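*Asks:* So here's run39.tsv (TSV, C-alpha atoms and all ligand atoms).
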chain	number	residue	atom	x	y	z
A	366	MET	CA	0.00	0.00	0.00
A	367	GLN	CA	1.11	3.54	-0.85
A	368	ASN	CA	2.73	5.54	2.02
A	369	LYS	CA	0.38	8.24	3.21
A	370	LYS	CA	1.92	11.71	3.41
A	371	GLU	CA	0.94	13.97	6.29
A	372	LEU	CA	0.96	17.70	5.55
A	373	LYS	CA	1.01	20.18	8.41
A	374	ILE	CA	-1.37	23.13	8.19
A	375	ALA	CA	-0.82	26.03	10.60
A	376	VAL	CA	-4.13	27.74	11.38
A	377	MET	CA	-4.28	31.33	12.60
A	378	LEU	CA	-7.87	32.28	13.33
A	379	GLY	CA	-6.95	35.87	14.18
A	380	ASP	CA	-9.67	38.30	15.25
A	381	GLY	CA	-13.21	39.44	14.45
A	382	ILE	CA	-14.87	37.37	11.74
A	383	GLY	CA	-11.60	35.43	11.31
A	384	LEU	CA	-12.80	33.45	14.34
A	385	GLU	CA	-16.06	32.69	12.54
A	386	VAL	CA	-15.08	31.94	8.93
A	387	THR	CA	-11.87	29.97	9.56
A	388	PRO	CA	-13.39	27.07	11.57
A	389	VAL	CA	-16.06	26.40	8.92
A	390	CYS	CA	-13.34	26.32	6.27
A	391	VAL	CA	-11.20	23.91	8.33
A	392	GLU	CA	-14.24	21.67	8.80
A	393	LEU	CA	-14.81	21.52	5.03
A	394	LEU	CA	-11.13	20.82	4.39
A	395	GLN	CA	-11.18	18.00	6.96
A	396	LYS	CA	-14.25	16.58	5.30
A	397	ILE	CA	-12.74	16.67	1.83
A	398	VAL	CA	-9.43	15.00	2.71
A	399	GLN	CA	-11.02	12.37	4.94
A	400	GLY	CA	-10.35	8.92	3.56
A	401	MET	CA	-7.77	10.01	0.96
A	402	ASP	CA	-5.22	7.33	0.07
A	403	SER	CA	-2.19	9.53	-0.56
A	404	VAL	CA	-2.40	12.33	1.99
A	405	SER	CA	-3.79	13.57	5.30
A	406	LEU	CA	-3.80	17.09	6.75
A	407	ALA	CA	-2.80	17.82	10.37
A	408	PHE	CA	-4.19	21.18	11.49
A	409	GLU	CA	-2.49	23.09	14.31
A	410	GLU	CA	-4.12	26.21	15.75
A	411	LEU	CA	-1.61	28.96	16.60
A	412	PRO	CA	-2.26	32.14	18.61
A	413	SER	CA	-1.71	35.52	16.92
A	414	GLY	CA	-3.45	38.80	16.21
A	415	ALA	CA	-4.87	41.76	18.10
A	416	ALA	CA	-6.61	39.83	20.91
A	417	CYS	CA	-3.41	37.81	21.40
A	418	TYR	CA	-1.49	41.11	21.69
A	419	ARG	CA	-4.00	42.47	24.20
A	420	ASP	CA	-3.78	39.30	26.30
A	421	THR	CA	-0.08	38.48	26.06
A	422	GLY	CA	1.72	41.59	24.78
A	423	GLU	CA	2.69	39.75	21.55
A	424	SER	CA	0.81	39.82	18.24
A	425	LEU	CA	2.98	37.17	16.60
A	426	PRO	CA	4.58	35.01	19.31
A	427	ALA	CA	7.95	33.41	18.39
A	428	HIS	CA	6.47	29.93	18.85
A	429	THR	CA	3.65	30.72	16.40
A	430	LEU	CA	6.09	32.04	13.81
A	431	GLU	CA	8.37	29.04	14.20
A	432	ARG	CA	5.54	26.50	13.86
A	433	ALA	CA	4.12	28.42	10.90
A	434	ARG	CA	7.52	28.49	9.19
A	435	LYS	CA	7.81	24.72	9.55
A	436	SER	CA	4.29	24.02	8.32
A	437	ASP	CA	3.45	23.02	4.76
A	438	ALA	CA	0.88	25.82	4.45
A	439	ILE	CA	-0.68	28.51	6.62
A	440	LEU	CA	-4.41	29.17	6.75
A	441	LEU	CA	-5.16	32.61	8.14
A	442	GLY	CA	-8.50	34.20	9.02
A	443	ALA	CA	-8.08	37.94	9.51
A	444	MET	CA	-6.27	40.05	12.09
A	445	GLY	CA	-6.70	43.43	13.76
A	446	LEU	CA	-9.26	45.15	15.99
A	447	PRO	CA	-9.91	48.90	15.90
A	448	ASP	CA	-9.55	49.37	19.66
A	449	VAL	CA	-6.35	47.32	20.09
A	450	ARG	CA	-3.27	49.19	18.87
A	451	TYR	CA	0.46	49.38	19.37
A	452	PRO	CA	1.67	52.24	21.61
A	453	ASP	CA	2.41	54.38	18.48
A	454	GLY	CA	-1.27	54.15	17.49
A	455	THR	CA	-0.83	51.82	14.50
A	456	GLU	CA	-3.01	48.74	14.03
A	457	ILE	CA	-1.96	45.20	14.87
A	458	VAL	CA	-1.26	43.63	11.48
A	459	PRO	CA	0.97	40.56	11.96
A	460	GLN	CA	-0.26	39.26	8.59
A	461	ILE	CA	1.97	41.94	6.98
A	462	GLU	CA	4.90	40.95	9.21
A	463	ILE	CA	4.41	37.29	8.22
A	464	ARG	CA	4.63	38.26	4.53
A	465	GLU	CA	7.86	40.15	5.14
A	466	ILE	CA	9.50	37.60	7.45
A	467	LEU	CA	8.63	34.57	5.30
A	468	GLY	CA	9.31	36.40	2.01
A	469	LEU	CA	5.80	35.88	0.62
A	470	PHE	CA	6.44	38.08	-2.39
A	471	ALA	CA	3.42	37.24	-4.55
A	472	GLY	CA	-0.07	38.18	-3.41
A	473	VAL	CA	-2.35	36.14	-5.67
A	474	ARG	CA	-5.92	37.42	-6.00
A	475	PRO	CA	-8.12	35.48	-8.44
A	476	ILE	CA	-11.24	37.39	-9.51
A	477	ARG	CA	-14.19	35.50	-10.94
A	478	PRO	CA	-17.93	36.11	-10.36
A	479	LEU	CA	-19.81	33.24	-8.72
A	480	PRO	CA	-22.77	32.03	-10.76
A	481	GLY	CA	-26.03	33.07	-9.07
A	482	LEU	CA	-24.62	36.04	-7.13
A	483	PRO	CA	-25.39	39.60	-8.27
A	484	VAL	CA	-22.52	41.81	-9.46
A	485	PRO	CA	-22.46	45.63	-9.60
A	486	LEU	CA	-21.71	45.99	-13.34
A	487	ALA	CA	-24.75	45.78	-15.62
A	488	SER	CA	-22.89	44.46	-18.69
A	489	PRO	CA	-23.80	40.92	-19.81
A	490	ARG	CA	-20.05	40.36	-20.24
A	491	THR	CA	-19.48	40.26	-16.45
A	492	ALA	CA	-19.80	36.46	-16.56
A	493	GLU	CA	-16.58	36.49	-18.63
A	494	ILE	CA	-14.52	38.16	-15.86
A	495	ASP	CA	-11.74	35.78	-14.87
A	496	PHE	CA	-8.39	37.33	-14.05
A	497	VAL	CA	-5.67	37.04	-11.42
A	498	LEU	CA	-4.12	40.13	-9.86
A	499	ILE	CA	-0.58	39.55	-8.57
A	500	ARG	CA	0.50	42.09	-5.97
A	501	GLU	CA	4.17	42.42	-4.97
A	502	GLN	CA	4.27	42.18	-1.17
A	503	THR	CA	7.74	42.63	0.21
A	504	GLU	CA	8.90	45.99	-1.13
A	505	GLY	CA	7.39	48.89	-3.15
A	506	LEU	CA	5.82	51.64	-1.08
A	507	PHE	CA	5.55	49.32	1.94
A	508	ALA	CA	9.32	48.64	1.92
A	509	GLU	CA	10.11	50.96	4.81
A	510	ARG	CA	6.83	50.44	6.65
A	511	GLY	CA	7.28	51.49	10.26
A	512	LYS	CA	10.38	53.56	9.39
A	513	THR	CA	8.73	56.74	8.13
A	514	LEU	CA	11.11	59.69	8.28
A	515	PHE	CA	9.28	62.31	10.32
A	516	GLU	CA	10.53	65.90	10.24
A	517	ARG	CA	7.73	67.38	12.33
A	518	PRO	CA	5.90	69.60	11.96
A	519	GLU	CA	6.82	70.06	8.29
A	520	ARG	CA	7.31	66.70	6.63
A	521	ALA	CA	6.95	62.94	6.68
A	522	THR	CA	8.63	60.77	4.06
A	523	ASP	CA	8.07	57.13	3.08
A	524	VAL	CA	10.27	55.24	0.62
A	525	LEU	CA	9.24	53.34	-2.51
A	526	ARG	CA	11.85	50.67	-3.15
A	527	ILE	CA	12.08	48.40	-6.20
A	528	THR	CA	14.84	45.81	-6.46
A	529	ARG	CA	15.91	43.74	-9.43
A	530	GLU	CA	15.75	40.51	-7.40
A	531	GLY	CA	12.29	41.27	-6.01
A	532	SER	CA	10.91	42.29	-9.38
A	533	GLU	CA	12.40	39.42	-11.37
A	534	ARG	CA	10.93	36.76	-9.09
A	535	LEU	CA	7.57	38.55	-9.15
A	536	PHE	CA	7.48	38.74	-12.95
A	537	ARG	CA	8.66	35.15	-13.41
A	538	PHE	CA	5.90	34.03	-11.06
A	539	SER	CA	3.35	36.03	-13.08
A	540	PHE	CA	4.54	34.74	-16.45
A	541	ASP	CA	4.63	31.14	-15.18
A	542	LEU	CA	1.06	31.54	-13.99
A	543	ALA	CA	0.03	32.96	-17.39
A	544	CYS	CA	1.64	29.90	-19.07
A	545	GLU	CA	-0.28	27.53	-16.77
A	546	ARG	CA	-3.51	29.38	-17.45
A	547	LYS	CA	-2.83	29.42	-21.19
A	548	ALA	CA	-2.51	25.63	-21.09
A	549	ALA	CA	-5.97	25.60	-19.47
A	550	GLY	CA	-7.51	27.74	-22.26
A	551	PHE	CA	-6.97	31.32	-21.03
A	552	PRO	CA	-5.51	33.95	-23.42
A	553	GLY	CA	-1.96	33.87	-22.03
A	554	LYS	CA	-1.50	37.56	-21.32
A	555	VAL	CA	0.33	39.51	-18.59
A	556	THR	CA	-0.54	43.16	-17.95
A	557	LEU	CA	1.96	45.25	-16.00
A	558	ILE	CA	0.42	47.98	-13.84
A	559	ASP	CA	2.80	50.85	-13.03
A	560	LYS	CA	3.32	54.59	-13.06
A	561	ALA	CA	6.39	54.58	-15.29
A	562	ASN	CA	5.50	57.98	-16.80
A	563	VAL	CA	6.09	59.76	-13.47
A	564	LEU	CA	8.27	57.70	-11.10
A	565	GLY	CA	11.81	56.48	-11.81
A	566	THR	CA	11.24	53.44	-9.60
A	567	MET	CA	8.31	52.47	-11.80
A	568	ALA	CA	10.32	52.99	-15.00
A	569	PHE	CA	12.91	50.60	-13.53
A	570	PHE	CA	10.12	48.14	-12.65
A	571	ARG	CA	8.94	48.26	-16.28
A	572	GLU	CA	12.49	47.80	-17.59
A	573	ILE	CA	12.81	44.56	-15.61
A	574	PHE	CA	9.34	43.44	-16.75
A	575	ASP	CA	10.42	43.91	-20.38
A	576	GLU	CA	13.59	41.87	-19.79
A	577	VAL	CA	11.72	38.97	-18.16
A	578	ALA	CA	9.02	39.08	-20.88
A	579	GLU	CA	11.66	38.19	-23.48
A	580	ASP	CA	11.94	34.74	-21.89
A	581	TYR	CA	8.23	34.10	-22.48
A	582	PRO	CA	7.63	34.61	-26.21
A	583	GLY	CA	4.32	32.71	-26.06
A	584	ILE	CA	2.78	35.22	-23.66
A	585	VAL	CA	1.25	38.51	-24.81
A	586	THR	CA	2.26	41.54	-22.71
A	587	GLU	CA	0.62	44.88	-21.98
A	588	ARG	CA	1.67	47.85	-19.89
A	589	CYS	CA	-0.88	50.12	-18.23
A	590	TYR	CA	-0.59	53.10	-15.88
A	591	VAL	CA	-2.32	52.48	-12.56
A	592	ASP	CA	-4.79	55.35	-12.99
A	593	ALA	CA	-5.87	54.06	-16.40
A	594	MET	CA	-6.13	50.57	-14.95
A	595	ALA	CA	-8.56	51.76	-12.25
A	596	MET	CA	-10.81	52.88	-15.12
A	597	ASN	CA	-10.26	49.85	-17.36
A	598	MET	CA	-10.99	47.45	-14.54
A	599	VAL	CA	-14.47	48.93	-14.31
A	600	LYS	CA	-15.05	49.49	-18.05
A	601	ARG	CA	-13.69	46.21	-19.44
A	602	PRO	CA	-12.48	43.80	-16.72
A	603	TRP	CA	-13.17	40.81	-18.98
A	604	ASP	CA	-10.17	41.82	-21.14
A	605	TYR	CA	-7.58	40.78	-18.53
A	606	ASP	CA	-5.85	37.50	-17.72
A	607	VAL	CA	-2.86	37.95	-15.35
A	608	MET	CA	-2.03	41.41	-13.97
A	609	VAL	CA	0.99	42.31	-11.91
A	610	SER	CA	1.66	45.40	-9.83
A	611	GLU	CA	3.72	47.12	-7.16
A	612	ASN	CA	2.66	46.59	-3.52
A	613	MET	CA	0.58	49.71	-2.81
A	614	PHE	CA	-1.13	49.83	-6.24
A	615	GLY	CA	-1.99	46.14	-5.83
A	616	ASP	CA	-3.40	46.76	-2.38
A	617	ILE	CA	-5.80	49.39	-3.71
A	618	LEU	CA	-6.77	47.61	-6.93
A	619	SER	CA	-7.46	44.35	-5.02
A	620	ASP	CA	-10.46	45.92	-3.32
A	621	LEU	CA	-11.68	47.37	-6.62
A	622	ALA	CA	-11.29	43.91	-8.18
A	623	ALA	CA	-13.20	42.28	-5.30
A	624	ALA	CA	-16.03	44.78	-5.78
A	625	LEU	CA	-16.38	43.64	-9.42
A	626	VAL	CA	-17.53	40.23	-8.20
A	627	GLY	CA	-19.78	41.52	-5.44
A	628	GLY	CA	-17.59	42.12	-2.40
A	629	LEU	CA	-14.80	41.08	-0.09
A	630	GLY	CA	-16.71	38.06	1.22
A	631	VAL	CA	-16.22	36.21	-2.09
A	632	ALA	CA	-12.60	37.28	-2.82
A	633	PRO	CA	-9.97	34.68	-1.86
A	634	SER	CA	-6.20	35.17	-1.85
A	635	ALA	CA	-2.85	33.49	-1.39
A	636	ASP	CA	0.51	34.93	-0.36
A	637	ILE	CA	3.18	32.82	-1.99
A	638	GLY	CA	6.93	32.67	-1.29
A	639	ALA	CA	9.71	30.24	-2.17
A	640	ASP	CA	9.29	28.11	0.98
A	641	ASN	CA	6.00	29.12	2.60
A	642	ALA	CA	2.51	30.22	1.66
A	643	VAL	CA	-0.42	31.82	3.47
A	644	PHE	CA	-4.00	31.38	2.29
A	645	GLN	CA	-6.45	33.98	3.54
A	646	PRO	CA	-9.53	35.87	2.39
A	647	CYS	CA	-8.99	39.40	1.00
A	648	HIS	CA	-11.22	40.86	3.71
A	649	GLY	CA	-10.26	42.09	7.15
A	650	THR	CA	-11.85	41.35	10.52
A	651	ALA	CA	-15.11	43.24	9.74
A	652	PRO	CA	-15.67	44.45	13.33
A	653	ASP	CA	-19.04	45.93	12.27
A	654	ILE	CA	-20.55	42.45	11.80
A	655	MET	CA	-18.44	40.23	14.08
A	656	GLY	CA	-20.46	38.05	16.40
A	657	THR	CA	-23.65	38.44	14.34
A	658	GLY	CA	-23.30	35.25	12.28
A	659	LYS	CA	-23.61	37.37	9.11
A	660	ALA	CA	-20.04	36.94	7.84
A	661	ASN	CA	-19.78	35.37	4.42
A	662	PRO	CA	-17.31	32.44	4.68
A	663	THR	CA	-16.99	32.01	0.89
A	664	ALA	CA	-13.71	33.92	0.48
A	665	MET	CA	-12.17	31.83	3.26
A	666	ILE	CA	-13.49	28.57	1.77
A	667	LEU	CA	-12.14	29.50	-1.68
A	668	SER	CA	-8.78	30.36	-0.10
A	669	GLY	CA	-8.82	26.85	1.41
A	670	ALA	CA	-9.51	25.45	-2.07
A	671	MET	CA	-6.53	27.41	-3.42
A	672	MET	CA	-4.42	25.90	-0.65
A	673	LEU	CA	-5.41	22.36	-1.64
A	674	GLU	CA	-4.54	23.03	-5.30
A	675	TRP	CA	-1.22	24.66	-4.38
A	676	LEU	CA	-0.26	21.77	-2.05
A	677	GLY	CA	-1.36	19.26	-4.69
A	678	ASN	CA	0.94	20.83	-7.31
A	679	ARG	CA	3.84	21.37	-4.95
A	680	HIS	CA	3.85	17.83	-3.55
A	681	ARG	CA	2.64	16.13	-6.74
A	682	LEU	CA	-0.49	14.85	-5.02
A	683	PRO	CA	-3.23	14.79	-7.66
A	684	GLU	CA	-5.83	13.76	-5.05
A	685	LEU	CA	-5.34	17.13	-3.33
A	686	SER	CA	-5.46	19.12	-6.57
A	687	THR	CA	-8.70	17.38	-7.50
A	688	ALA	CA	-10.10	18.10	-4.02
A	689	GLY	CA	-9.26	21.80	-4.47
A	690	ARG	CA	-11.11	21.90	-7.79
A	691	GLN	CA	-14.07	20.06	-6.23
A	692	LEU	CA	-14.30	22.60	-3.42
A	693	HIS	CA	-14.38	25.42	-6.01
A	694	GLN	CA	-17.10	23.52	-7.86
A	695	ALA	CA	-19.08	22.93	-4.65
A	696	VAL	CA	-19.06	26.69	-3.98
A	697	ASP	CA	-20.24	27.42	-7.55
A	698	ARG	CA	-23.04	24.88	-7.24
A	699	ALA	CA	-24.10	26.20	-3.83
A	700	PHE	CA	-24.83	29.67	-5.21
A	701	ALA	CA	-25.88	28.74	-8.76
A	702	ASP	CA	-29.68	28.76	-8.28
A	703	GLY	CA	-29.61	32.24	-6.70
A	704	ALA	CA	-31.38	31.06	-3.50
A	705	LEU	CA	-28.31	31.27	-1.26
A	706	LEU	CA	-27.95	35.03	-0.91
A	707	PRO	CA	-25.42	36.21	1.73
A	708	PHE	CA	-26.22	39.18	3.98
A	709	GLU	CA	-23.40	41.02	2.20
A	710	PHE	CA	-25.46	40.78	-1.03
A	711	GLY	CA	-28.68	41.92	0.63
A	712	GLY	CA	-29.84	38.39	1.46
A	713	GLN	CA	-30.54	36.50	4.68
A	714	CYS	CA	-27.90	33.75	4.52
A	715	GLY	CA	-25.20	33.76	7.20
A	716	THR	CA	-21.96	31.91	7.88
A	717	GLN	CA	-23.45	28.57	8.87
A	718	ALA	CA	-26.13	28.44	6.17
A	719	ILE	CA	-23.49	29.00	3.47
A	720	ALA	CA	-21.07	26.49	4.96
A	721	ASP	CA	-23.84	23.86	5.26
A	722	ARG	CA	-24.89	24.32	1.64
A	723	VAL	CA	-21.30	24.02	0.38
A	724	ALA	CA	-20.86	20.84	2.47
A	725	GLN	CA	-24.05	19.45	0.95
A	726	GLU	CA	-22.83	20.16	-2.59
A	727	LEU	CA	-19.48	18.61	-1.75
A	728	ASP	CA	-21.22	15.42	-0.64
A	729	ALA	CA	-23.26	15.41	-3.85
A	730	LEU	CA	-20.13	15.86	-5.98
A	731	ARG	CA	-18.24	13.09	-4.24
A	732	SER	CA	-21.06	10.53	-4.02
B	801	LIG	P1	-8.60	45.67	6.77
B	801	LIG	O1	-8.01	47.04	6.91
B	801	LIG	O2	-8.14	44.69	7.80
B	801	LIG	O3	-8.58	45.12	5.37
B	801	LIG	P2	-11.18	46.89	6.61
B	801	LIG	O4	-11.84	47.49	7.78
B	801	LIG	O5	-10.65	47.76	5.54
B	801	LIG	O6	-10.11	45.82	7.13
B	801	LIG	P3	-12.96	44.71	6.29
B	801	LIG	O7	-12.76	44.31	7.68
B	801	LIG	O8	-12.67	43.70	5.27
B	801	LIG	O9	-12.17	45.97	5.87
B	801	LIG	O10	-14.45	45.21	6.13
B	801	LIG	C1	-14.89	46.10	5.09
B	801	LIG	C2	-16.41	45.97	4.94
B	801	LIG	O11	-16.71	44.74	4.27
B	801	LIG	C3	-17.15	45.93	6.26
B	801	LIG	O12	-18.37	46.61	6.16
B	801	LIG	C4	-17.40	44.46	6.48
B	801	LIG	O13	-18.54	44.17	7.24
B	801	LIG	C5	-17.54	43.91	5.07
B	801	LIG	N1	-17.02	42.54	4.98
B	801	LIG	C6	-15.73	42.16	4.96
B	801	LIG	N2	-15.62	40.84	4.91
B	801	LIG	C7	-16.88	40.34	4.91
B	801	LIG	C8	-17.43	39.03	4.89
B	801	LIG	N3	-16.65	37.93	4.84
B	801	LIG	N4	-18.77	38.90	4.91
B	801	LIG	C9	-19.57	39.97	4.94
B	801	LIG	N5	-19.12	41.24	4.96
B	801	LIG	C10	-17.79	41.44	4.96
As structure tokens, please, write out the structure in this file.

*Replies:*
Amino acid sequence: MQNKKELKIAVMLGDGIGLEVTPVCVELLQKIVQGMDSVSLAFEELPSGAACYRDTGESLPAHTLERARKSDAILLGAMGLPDVRYPDGTEIVPQIEIREILGLFAGVRPIRPLPGLPVPLASPRTAEIDFVLIREQTEGLFAERGKTLFERPERATDVLRITREGSERLFRFSFDLACERKAAGFPGKVTLIDKANVLGTMAFFREIFDEVAEDYPGIVTERCYVDAMAMNMVKRPWDYDVMVSENMFGDILSDLAAALVGGLGVAPSADIGADNAVFQPCHGTAPDIMGTGKANPTAMILSGAMMLEWLGNRHRLPELSTAGRQLHQAVDRAFADGALLPFEFGGQCGTQAIADRVAQELDALRS
């Protein structure tokens, strides 16, 4: 009999609705891997976040970081609470520290409307929207985060840093993804988002993009200024395949992109590095709805599906990749008839109702 591989999943529930959407995702993941021949998943819950800081004085304890580093993947809810802050007044955001410490350079945000859920754009072409926004996450305008040069009361200066190493790995990642998607029937196009007409750093970013592009002759390339992209994303989002941007621009455009498919509650994401990866929804802790049962767990569940597919590819475990695709399918089927309408979309369906329906569809798919 085949040796069964055990993969370790570090789970950080975090704060706010992270505590509500993460457990339902873990339950679905446990259900889907149950009985697999080639692999099992061992989940380990690790303390971190704003409540952890309030209770222990640490937002990312050394033990948590160490266990997370040694895990095969990290599943993260959301972190931060408005009334819990560091002494300098800034919010508790260990998820950003994790990206920096573990070198999770590529923020992967797939954008695709779910059948059955309303979207804000009226065009019939919205069903065609299917792109992935890749956000650089270790440098750019966040490079010197926490080290702002204050010259009070006159000035405050932040630094935008672009490095060749950081940009090359980002662009290679984006082009490789475009190649994979092309093999699956997508156009095979990478769009660079920058501000090369104004900032030298961005002209340098574009220069490196052009160099890397030469190694991928089968992929079409485009370059677009970030302001124009904000408009194009609303006017013709169906024209894009893979997009890649600097940290801050990607941060802003991610929320715009999530809005195209209805909201943050259906927008999953992954933060990928060479040795580690975090899978988490695009949304934050949503303090305005925490504890009400209204949080939409879909983004978290889809992030879990991305984790299964990523682990499946990385460890050559087709059973896991198939499970990831099935979880995506189960989510699509759950919403398809339009009856499962989350609170976020003006409906009456909360966290548990959505999780139950996805579990039901999963059972139907696997029976
Ligand atoms: P952060 O700065 O951590 O990203 P934020 O305050 O900008 O957080 P969110 O916490 O994501 O943003 O919340 C933004 C809005 O979206 C809130 O009104 C929140 O209730 C809503 N929201 C976010 N996630 C969900 C979800 N999963 N289900 C329903 N509504 C959500």

*Asks:* Tell me, as a list in words, which residues lie within 9 Å of region 450-452 of chain A, counting only C-alpha atoms; anything in the same chain fewer than 5 positions away does not count.

*Replies:*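 Listed by chain and then number, they are Ala415, Tyr418, Arg419, Gly445 and Ile457 of chain A.
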
*Asks:* Pick the closest to Val389 (chain A) from A:Leu706, A:Cys714, A:Leu469, A:Ile666: which is it, counting all atoms listed in the file?

*Replies:*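 Of the candidates, the smallest distance to Val389 (chain A) is held by A:Ile666.
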
*Asks:* For Ala427 (chain A), find every residue with an atom within 12 Å (counting only C-alpha atoms), except residues of its own chain fewer than 4 positions away, and show them as a count of residues only.

*Replies:* 11

*Asks:* Taking all atoms listed in the file into account, name the residue in A:Ile584, A:Ala443, A:Leu378, A:Met608 that is nearest to ligand LIG 801 (chain B).

*Replies:*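 Of A:Ile584, A:Ala443, A:Leu378, A:Met608, the one nearest ligand LIG 801 (chain B) is A:Ala443, counting all atoms listed in the file.
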
*Asks:* Would you give me, as JSON lines, each residue of chain A having an atom within 6 Å of an atom of ligand LIG 801 (chain B), along with its shortest atom pair and that distance in Å to one decimal, using all atoms listed in the file and sorting by chain and residue number?

*Replies:*
{"residue": "A:Leu629", "atom": "CA", "partner": "B:LIG801", "partner_atom": "N2", "distance": 5.1}
{"residue": "A:Gly630", "atom": "CA", "partner": "B:LIG801", "partner_atom": "N3", "distance": 3.6}
{"residue": "A:His648", "atom": "CA", "partner": "B:LIG801", "partner_atom": "O8", "distance": 3.5}
{"residue": "A:Gly649", "atom": "CA", "partner": "B:LIG801", "partner_atom": "O7", "distance": 3.4}
{"residue": "A:Thr650", "atom": "CA", "partner": "B:LIG801", "partner_atom": "O7", "distance": 4.2}
{"residue": "A:Ala651", "atom": "CA", "partner": "B:LIG801", "partner_atom": "O7", "distance": 3.3}
{"residue": "A:Asp653", "atom": "CA", "partner": "B:LIG801", "partner_atom": "O13", "distance": 5.4}
{"residue": "A:Ile654", "atom": "CA", "partner": "B:LIG801", "partner_atom": "O13", "distance": 5.3}
{"residue": "A:Ala660", "atom": "CA", "partner": "B:LIG801", "partner_atom": "N4", "distance": 3.7}
{"residue": "A:Asn661", "atom": "CA", "partner": "B:LIG801", "partner_atom": "N4", "distance": 3.7}
{"residue": "A:Pro662", "atom": "CA", "partner": "B:LIG801", "partner_atom": "N3", "distance": 5.5}
{"residue": "A:Glu709", "atom": "CA", "partner": "B:LIG801", "partner_atom": "C9", "distance": 4.8}

*Asks:* Go ahead and save the picked residues with C-alpha atoms, as a PDB file, keeping the file's coordinate frame.

*Replies:*
ATOM      1  CA  LEU A 629     -14.800  41.080  -0.090  1.00  0.00           C
ATOM      2  CA  GLY A 630     -16.710  38.060   1.220  1.00  0.00           C
ATOM      3  CA  HIS A 648     -11.220  40.860   3.710  1.00  0.00           C
ATOM      4  CA  GLY A 649     -10.260  42.090   7.150  1.00  0.00           C
ATOM      5  CA  THR A 650     -11.850  41.350  10.520  1.00  0.00           C
ATOM      6  CA  ALA A 651     -15.110  43.240   9.740  1.00  0.00           C
ATOM      7  CA  ASP A 653     -19.040  45.930  12.270  1.00  0.00           C
ATOM      8  CA  ILE A 654     -20.550  42.450  11.800  1.00  0.00           C
ATOM      9  CA  ALA A 660     -20.040  36.940   7.840  1.00  0.00           C
ATOM     10  CA  ASN A 661     -19.780  35.370   4.420  1.00  0.00           C
ATOM     11  CA  PRO A 662     -17.310  32.440   4.680  1.00  0.00           C
ATOM     12  CA  GLU A 709     -23.400  41.020   2.200  1.00  0.00           C
TER      13      GLU A 709
END

*Asks:* CA of Gly553 (chain A) to CA of Val497 (chain A): how many Å, to one decimal?

*Replies:* 11.7 Å

*Asks:* I need the residue nearest Val577 (chain A) from this list: A:Glu726, A:Asp380, A:Asp495, A:Glu530. Use only C-alpha atoms for the distance.

*Replies:*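 Nearest to Val577 (chain A): A:Glu530.
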
*Asks:* Separation of CA of Cys647 (chain A) and CA of Gly628 (chain A), in Å?

*Replies:* 9.6 Å

*Asks:* Compile the contact shell of Glu611 (chain A) as a list in words: residues with an atom at most 9 Å away, counting all atoms listed in the file, same-chain residues fewer than 2 positions apart removed.

*Replies:*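 After dropping sequence-adjacent residues, the list is Ile499, Arg500, Glu501, Gln502, Glu504, Gly505, Leu506, Ile527, Ser532, Ile558, Asp559, Met567, Phe570, Val609, Met613, Phe614, Gly615 and Asp616 of chain A.
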
*Asks:* Please check which residues have atoms at most 8 Å from (-17.8, 9.6, 0.3) in the file's coordinates, counting only C-alpha atoms, and write them as an NGL selection string.

*Replies:* :A and (728 or 731-732)

*Asks:* So how many Å separate CA of Val599 (chain A) and CA of Ala622 (chain A), to one decimal?

*Replies:* 8.5 Å

*Asks:* Could you check the closest approach to Asp575 (chain A) for each of A:Leu557, A:Leu498, A:Val404, A:Leu467 and tell me which residue wins, using only C-alpha atoms?

*Replies:*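 Going through A:Leu557, A:Leu498, A:Val404, A:Leu467 one by one, the smallest distance to Asp575 (chain A) is for A:Leu557.
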
*Asks:* Select, from A:Asp523, A:Glu684, A:Asp592, A:Asp702, the residue with the minimum atom-to-atom distance to Val398 (chain A), counting only C-alpha atoms.

*Replies:*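 Among A:Asp523, A:Glu684, A:Asp592, A:Asp702, it is A:Glu684 that comes nearest to Val398 (chain A).
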
*Asks:* Under the rule that all atoms listed in the file are counted, which of A:Ala639, A:Leu625, A:Ala720, A:Met665 is the nearest residue to Ser488 (chain A)?

*Replies:* A:Leu625

*Asks:* Compute the distance from (2.5, 31.6, -17.0) to each atom, counting all atoms listed in the file, keep the residues with any atom at most 9 Å away, and return them as a list in words; use the coordinates of the file.

*Replies:*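 Protein and nucleic acid residues near the point are Arg537, Phe538, Ser539, Phe540, Asp541, Leu542, Ala543, Cys544, Glu545, Arg546, Lys547, Ala548, Gly553, Lys554, Val555, Tyr581, Ile584 and Val607 of chain A.
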